[in-house]
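With mmCIF, C-alpha atoms inside, this is query.cif:
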data_final
#
loop_
_atom_site.group_PDB
_atom_site.id
_atom_site.type_symbol
_atom_site.label_atom_id
_atom_site.label_comp_id
_atom_site.auth_asym_id
_atom_site.auth_seq_id
_atom_site.Cartn_x
_atom_site.Cartn_y
_atom_site.Cartn_z
ATOM 1 C CA MET B 151 25.471 -157.541 -101.912
ATOM 2 C CA GLY B 152 25.199 -161.232 -101.053
ATOM 3 C CA ARG B 153 24.208 -160.615 -97.440
ATOM 4 C CA ARG B 154 21.674 -157.991 -98.482
ATOM 5 C CA SER B 155 19.977 -160.422 -100.851
ATOM 6 C CA THR B 156 19.934 -163.145 -98.211
ATOM 7 C CA VAL B 157 18.425 -160.839 -95.592
ATOM 8 C CA ALA B 158 15.924 -159.333 -98.057
ATOM 9 C CA ARG B 159 14.445 -162.777 -98.718
ATOM 10 C CA LEU B 160 13.866 -163.235 -94.968
ATOM 11 C CA LEU B 161 12.002 -159.944 -94.421
ATOM 12 C CA ALA B 162 8.237 -159.462 -94.500
ATOM 13 C CA PRO B 163 6.668 -156.226 -95.807
ATOM 14 C CA ALA B 164 5.173 -153.930 -93.169
ATOM 15 C CA ARG B 165 1.533 -154.452 -92.363
ATOM 16 C CA ARG B 166 -1.001 -151.639 -92.080
ATOM 17 C CA GLY B 167 -0.416 -149.345 -89.132
ATOM 18 C CA HIS B 168 3.404 -149.563 -89.097
ATOM 19 C CA PRO B 169 4.528 -146.783 -86.698
ATOM 20 C CA TRP B 170 7.109 -145.351 -89.145
ATOM 21 C CA ARG B 171 4.769 -145.081 -92.144
ATOM 22 C CA GLY B 172 5.015 -141.558 -93.574
ATOM 23 C CA TRP B 173 8.415 -140.772 -92.042
ATOM 24 C CA SER B 174 11.371 -139.680 -94.146
ATOM 25 C CA PHE B 175 14.927 -140.699 -93.391
ATOM 26 C CA SER B 176 18.102 -138.674 -93.986
ATOM 27 C CA ALA B 177 21.081 -140.113 -95.826
ATOM 28 C CA GLY B 178 23.418 -138.780 -93.100
ATOM 29 C CA TRP B 179 24.389 -135.879 -90.869
ATOM 30 C CA GLY B 180 24.098 -132.566 -92.686
ATOM 31 C CA SER B 181 22.635 -134.208 -95.790
ATOM 32 C CA ARG B 182 19.407 -133.026 -97.373
ATOM 33 C CA GLU B 183 19.178 -136.231 -99.387
ATOM 34 C CA THR B 184 16.377 -138.518 -98.221
ATOM 35 C CA LEU B 185 16.604 -142.265 -98.423
ATOM 36 C CA LYS B 186 14.020 -144.398 -100.158
ATOM 37 C CA VAL B 187 13.015 -146.988 -97.589
ATOM 38 C CA MET B 188 10.843 -150.077 -97.584
ATOM 39 C CA LEU B 189 9.294 -150.689 -94.191
ATOM 40 C CA VAL B 190 9.317 -154.267 -92.914
ATOM 41 C CA GLU B 191 7.985 -156.129 -89.913
ATOM 42 C CA PRO B 192 10.524 -156.190 -87.044
ATOM 43 C CA GLU B 193 10.582 -159.988 -86.800
ATOM 44 C CA LEU B 194 13.985 -161.082 -88.114
ATOM 45 C CA VAL B 195 16.677 -161.783 -85.519
ATOM 46 C CA ALA B 196 20.235 -160.916 -86.568
ATOM 47 C CA GLU B 197 23.680 -160.905 -84.981
ATOM 48 C CA VAL B 198 25.343 -157.516 -85.290
ATOM 49 C CA GLY B 199 28.576 -155.927 -84.174
ATOM 50 C CA VAL B 200 28.671 -152.412 -82.781
ATOM 51 C CA ASP B 201 31.397 -150.043 -81.685
ATOM 52 C CA VAL B 202 30.904 -148.814 -78.129
ATOM 53 C CA ALA B 203 31.676 -145.176 -79.042
ATOM 54 C CA ARG B 204 28.799 -142.793 -78.316
ATOM 55 C CA ASP B 205 28.361 -139.048 -78.557
ATOM 56 C CA ALA B 206 27.483 -136.769 -75.623
ATOM 57 C CA SER B 207 23.764 -137.508 -76.002
ATOM 58 C CA GLY B 208 24.331 -141.285 -75.955
ATOM 59 C CA LEU B 209 23.796 -141.953 -79.668
ATOM 60 C CA TRP B 210 26.026 -144.506 -81.398
ATOM 61 C CA LEU B 211 28.804 -142.880 -83.453
ATOM 62 C CA HIS B 212 29.231 -145.770 -85.883
ATOM 63 C CA PRO B 213 26.731 -147.967 -87.720
ATOM 64 C CA ALA B 214 26.017 -151.519 -86.625
ATOM 65 C CA ARG B 215 27.508 -154.203 -88.874
ATOM 66 C CA LEU B 216 25.541 -157.307 -89.792
ATOM 67 C CA HIS B 217 27.289 -160.582 -88.978
ATOM 68 C CA ARG B 218 24.498 -162.959 -89.933
ATOM 69 C CA ALA B 219 20.738 -163.371 -89.981
ATOM 70 C CA ARG B 220 19.305 -165.874 -87.493
ATOM 71 C CA PRO B 221 16.038 -167.182 -88.972
ATOM 72 C CA ASP B 222 16.342 -170.110 -86.545
ATOM 73 C CA LEU B 223 15.483 -167.726 -83.672
ATOM 74 C CA SER B 224 12.316 -165.759 -82.947
ATOM 75 C CA ASN B 225 11.988 -162.419 -81.161
ATOM 76 C CA ALA B 226 10.869 -164.332 -78.065
ATOM 77 C CA ASP B 227 14.252 -166.148 -77.965
ATOM 78 C CA VAL B 228 16.183 -162.890 -77.568
ATOM 79 C CA PRO B 229 16.303 -161.095 -74.212
ATOM 80 C CA CYS B 230 15.162 -157.473 -74.244
ATOM 81 C CA TRP B 231 18.162 -155.166 -74.491
ATOM 82 C CA THR B 232 18.263 -152.090 -72.301
ATOM 83 C CA SER B 233 20.707 -149.245 -72.407
ATOM 84 C CA PRO B 234 23.652 -149.554 -70.031
ATOM 85 C CA PRO B 235 23.792 -146.979 -67.230
ATOM 86 C CA ARG B 236 25.669 -143.791 -68.074
#

Write-out of the structure in structure tokens:
Amino acid sequence: MGRRSTVARLLAPARRGHPWRGWSFSAGWGSRETLKVMLVEPELVAEVGVDVARDASGLWLHPARLHRARPDLSNADVPCWTSPPR
């Protein structure tokens, strides 16, 4: 809960015209439960850890894990990530 509170204070609410406005998000595979989401601006840089396991379509099998927020960096400081070749 501590990390969530720290990150929440660093996020800015989505401005008008956010591309995901009006979407609904599922709680998980096979679930009919929808998640309540609050859209934010994609401006916060964070370090995350991910497992390299992917399914046959290339989707990650496991969620990313937050290591720490990096408010000292801007989006311009981070190189654009592209998918590795299959």

**Request:** Report as a ChimeraX atom specification the full result of the PyMOL selection byres ((chain B and resi 209-212) around 12) when it is applied to this structure.
**Result:** /B:178-179,199-208,213-215,233,236

**Prompt:** When the PyMOL selection byres ((chain B and resi 174) around 8) is applied to the file above, which residues end up in the set, as a list in words?
**Reply:** Gly172, Trp173, Phe175, Ser176, Thr184 and Leu185 of chain B

**Request:** Return the single residue from B:Asp227, B:Asp222, B:Glu197, B:Glu191 that is closest to B:Gly167, with distances computed using only C-alpha atoms.
**Result:** B:Glu191

**Message:** Which residues are close to B:Arg153, i.e. within 10 Å by only C-alpha atoms, leaving aside same-chain residues fewer than 3 positions away? Reply as a PyMOL selection string.
**Reply:** chain B and resi 156-158+216-219

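Counting only C-alpha atoms, B:Leu194 has the following residues at most 9 Å away, ignoring those fewer than 6 positions along the same chain: B:Val157, B:Leu160, B:Leu161, B:Ala162, B:Ala219, B:Arg220, B:Pro221, B:Leu223, B:Ser224, B:Asn225.
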
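Computed from the coordinates, the atom CA of B:Ala164 to atom CA of B:Arg182 distance equals 25.6 Å.
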
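Reported to one decimal place, the separation of atom CA of B:Met188 from atom CA of B:Gly152 is 18.5 Å.
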
Let me have the centre and edge lengths in Å, one decimal, of the box along x, y and z around every listed atom of stretch 157-172 of chain B with 4 Å of margin on each side, as AutoDock Vina command-line options.
--center_x 8.7 --center_y -152.4 --center_z -92.7 --size_x 27.4 --size_y 29.7 --size_z 20.0

**Request:** Using atom CA of B:Val195 and atom CA of B:Ala226 as the two end points, give the distance in Å to one decimal.
**Result:** 9.8 Å

Give me chain B from this structure - C-alpha atoms, as a PDB file, in the first residue's frame.
ATOM      1  CA  MET B 151       0.000   0.000   0.000  1.00  0.00           C
ATOM      2  CA  GLY B 152       2.913   2.351   0.649  1.00  0.00           C
ATOM      3  CA  ARG B 153       4.160   2.262  -2.936  1.00  0.00           C
ATOM      4  CA  ARG B 154       0.647   2.777  -4.272  1.00  0.00           C
ATOM      5  CA  SER B 155       0.196   5.904  -2.171  1.00  0.00           C
ATOM      6  CA  THR B 156       3.581   7.245  -3.231  1.00  0.00           C
ATOM      7  CA  VAL B 157       2.864   6.663  -6.919  1.00  0.00           C
ATOM      8  CA  ALA B 158      -0.695   8.027  -6.657  1.00  0.00           C
ATOM      9  CA  ARG B 159       0.638  11.372  -5.427  1.00  0.00           C
ATOM     10  CA  LEU B 160       2.881  11.599  -8.512  1.00  0.00           C
ATOM     11  CA  LEU B 161       0.128  10.971 -11.087  1.00  0.00           C
ATOM     12  CA  ALA B 162      -1.892  13.625 -12.900  1.00  0.00           C
ATOM     13  CA  PRO B 163      -5.558  13.050 -13.834  1.00  0.00           C
ATOM     14  CA  ALA B 164      -6.251  12.459 -17.526  1.00  0.00           C
ATOM     15  CA  ARG B 165      -7.012  15.510 -19.596  1.00  0.00           C
ATOM     16  CA  ARG B 166      -9.884  15.732 -22.070  1.00  0.00           C
ATOM     17  CA  GLY B 167      -9.487  13.478 -25.079  1.00  0.00           C
ATOM     18  CA  HIS B 168      -7.650  10.625 -23.311  1.00  0.00           C
ATOM     19  CA  PRO B 169      -7.670   7.728 -25.832  1.00  0.00           C
ATOM     20  CA  TRP B 170      -8.949   5.168 -23.279  1.00  0.00           C
ATOM     21  CA  ARG B 171     -11.903   7.233 -22.029  1.00  0.00           C
ATOM     22  CA  GLY B 172     -15.044   5.082 -22.165  1.00  0.00           C
ATOM     23  CA  TRP B 173     -13.207   1.743 -22.182  1.00  0.00           C
ATOM     24  CA  SER B 174     -13.890  -0.947 -19.603  1.00  0.00           C
ATOM     25  CA  PHE B 175     -11.200  -3.203 -18.214  1.00  0.00           C
ATOM     26  CA  SER B 176     -11.550  -6.837 -17.116  1.00  0.00           C
ATOM     27  CA  ALA B 177     -10.332  -8.035 -13.738  1.00  0.00           C
ATOM     28  CA  GLY B 178      -8.641 -11.039 -15.405  1.00  0.00           C
ATOM     29  CA  TRP B 179      -8.908 -13.869 -17.906  1.00  0.00           C
ATOM     30  CA  GLY B 180     -12.366 -15.420 -17.890  1.00  0.00           C
ATOM     31  CA  SER B 181     -13.685 -12.859 -15.406  1.00  0.00           C
ATOM     32  CA  ARG B 182     -16.826 -10.849 -16.049  1.00  0.00           C
ATOM     33  CA  GLU B 183     -15.899  -8.441 -13.269  1.00  0.00           C
ATOM     34  CA  THR B 184     -14.874  -5.016 -14.554  1.00  0.00           C
ATOM     35  CA  LEU B 185     -12.321  -2.877 -12.808  1.00  0.00           C
ATOM     36  CA  LYS B 186     -12.996   0.675 -11.730  1.00  0.00           C
ATOM     37  CA  VAL B 187     -10.163   2.695 -13.216  1.00  0.00           C
ATOM     38  CA  MET B 188      -8.989   6.276 -12.971  1.00  0.00           C
ATOM     39  CA  LEU B 189      -7.270   7.402 -16.144  1.00  0.00           C
ATOM     40  CA  VAL B 190      -4.063   9.397 -15.742  1.00  0.00           C
ATOM     41  CA  GLU B 191      -1.620  11.169 -18.009  1.00  0.00           C
ATOM     42  CA  PRO B 192       1.201   8.840 -19.149  1.00  0.00           C
ATOM     43  CA  GLU B 193       3.974  11.081 -17.818  1.00  0.00           C
ATOM     44  CA  LEU B 194       5.445   9.270 -14.808  1.00  0.00           C
ATOM     45  CA  VAL B 195       8.611   7.248 -15.407  1.00  0.00           C
ATOM     46  CA  ALA B 196       8.959   4.083 -13.316  1.00  0.00           C
ATOM     47  CA  GLU B 197      11.379   1.175 -13.050  1.00  0.00           C
ATOM     48  CA  VAL B 198       9.601  -2.151 -13.398  1.00  0.00           C
ATOM     49  CA  GLY B 199      10.571  -5.795 -13.474  1.00  0.00           C
ATOM     50  CA  VAL B 200       9.012  -8.203 -15.939  1.00  0.00           C
ATOM     51  CA  ASP B 201       9.214 -11.925 -16.534  1.00  0.00           C
ATOM     52  CA  VAL B 202      10.225 -12.768 -20.093  1.00  0.00           C
ATOM     53  CA  ALA B 203       7.535 -15.469 -20.454  1.00  0.00           C
ATOM     54  CA  ARG B 204       5.066 -14.777 -23.265  1.00  0.00           C
ATOM     55  CA  ASP B 205       2.165 -16.690 -24.750  1.00  0.00           C
ATOM     56  CA  ALA B 206       1.925 -17.791 -28.397  1.00  0.00           C
ATOM     57  CA  SER B 207       0.589 -14.386 -29.465  1.00  0.00           C
ATOM     58  CA  GLY B 208       3.455 -12.529 -27.756  1.00  0.00           C
ATOM     59  CA  LEU B 209       1.519 -11.203 -24.753  1.00  0.00           C
ATOM     60  CA  TRP B 210       3.237 -11.152 -21.359  1.00  0.00           C
ATOM     61  CA  LEU B 211       2.138 -14.037 -19.109  1.00  0.00           C
ATOM     62  CA  HIS B 212       2.894 -12.278 -15.827  1.00  0.00           C
ATOM     63  CA  PRO B 213       2.241  -8.739 -14.604  1.00  0.00           C
ATOM     64  CA  ALA B 214       5.003  -6.159 -14.397  1.00  0.00           C
ATOM     65  CA  ARG B 215       6.187  -5.381 -10.864  1.00  0.00           C
ATOM     66  CA  LEU B 216       6.923  -1.828  -9.781  1.00  0.00           C
ATOM     67  CA  HIS B 217      10.407  -1.301  -8.357  1.00  0.00           C
ATOM     68  CA  ARG B 218      10.263   2.457  -7.900  1.00  0.00           C
ATOM     69  CA  ALA B 219       8.877   5.649  -9.382  1.00  0.00           C
ATOM     70  CA  ARG B 220      11.417   7.961 -11.029  1.00  0.00           C
ATOM     71  CA  PRO B 221      10.027  11.509 -10.788  1.00  0.00           C
ATOM     72  CA  ASP B 222      13.581  12.733 -11.441  1.00  0.00           C
ATOM     73  CA  LEU B 223      13.243  11.561 -15.073  1.00  0.00           C
ATOM     74  CA  SER B 224      10.933  12.733 -17.849  1.00  0.00           C
ATOM     75  CA  ASN B 225       9.537  10.710 -20.749  1.00  0.00           C
ATOM     76  CA  ALA B 226      12.163  12.334 -22.976  1.00  0.00           C
ATOM     77  CA  ASP B 227      14.944  10.790 -20.824  1.00  0.00           C
ATOM     78  CA  VAL B 228      13.782   7.240 -21.567  1.00  0.00           C
ATOM     79  CA  PRO B 229      14.556   5.599 -24.915  1.00  0.00           C
ATOM     80  CA  CYS B 230      11.555   4.282 -26.832  1.00  0.00           C
ATOM     81  CA  TRP B 231      11.138   0.565 -26.203  1.00  0.00           C
ATOM     82  CA  THR B 232      10.345  -1.687 -29.130  1.00  0.00           C
ATOM     83  CA  SER B 233       9.399  -5.317 -29.076  1.00  0.00           C
ATOM     84  CA  PRO B 234      12.280  -7.746 -29.541  1.00  0.00           C
ATOM     85  CA  PRO B 235      12.204  -9.805 -32.744  1.00  0.00           C
ATOM     86  CA  ARG B 236      10.345 -13.102 -32.486  1.00  0.00           C
TER      87      ARG B 236
END
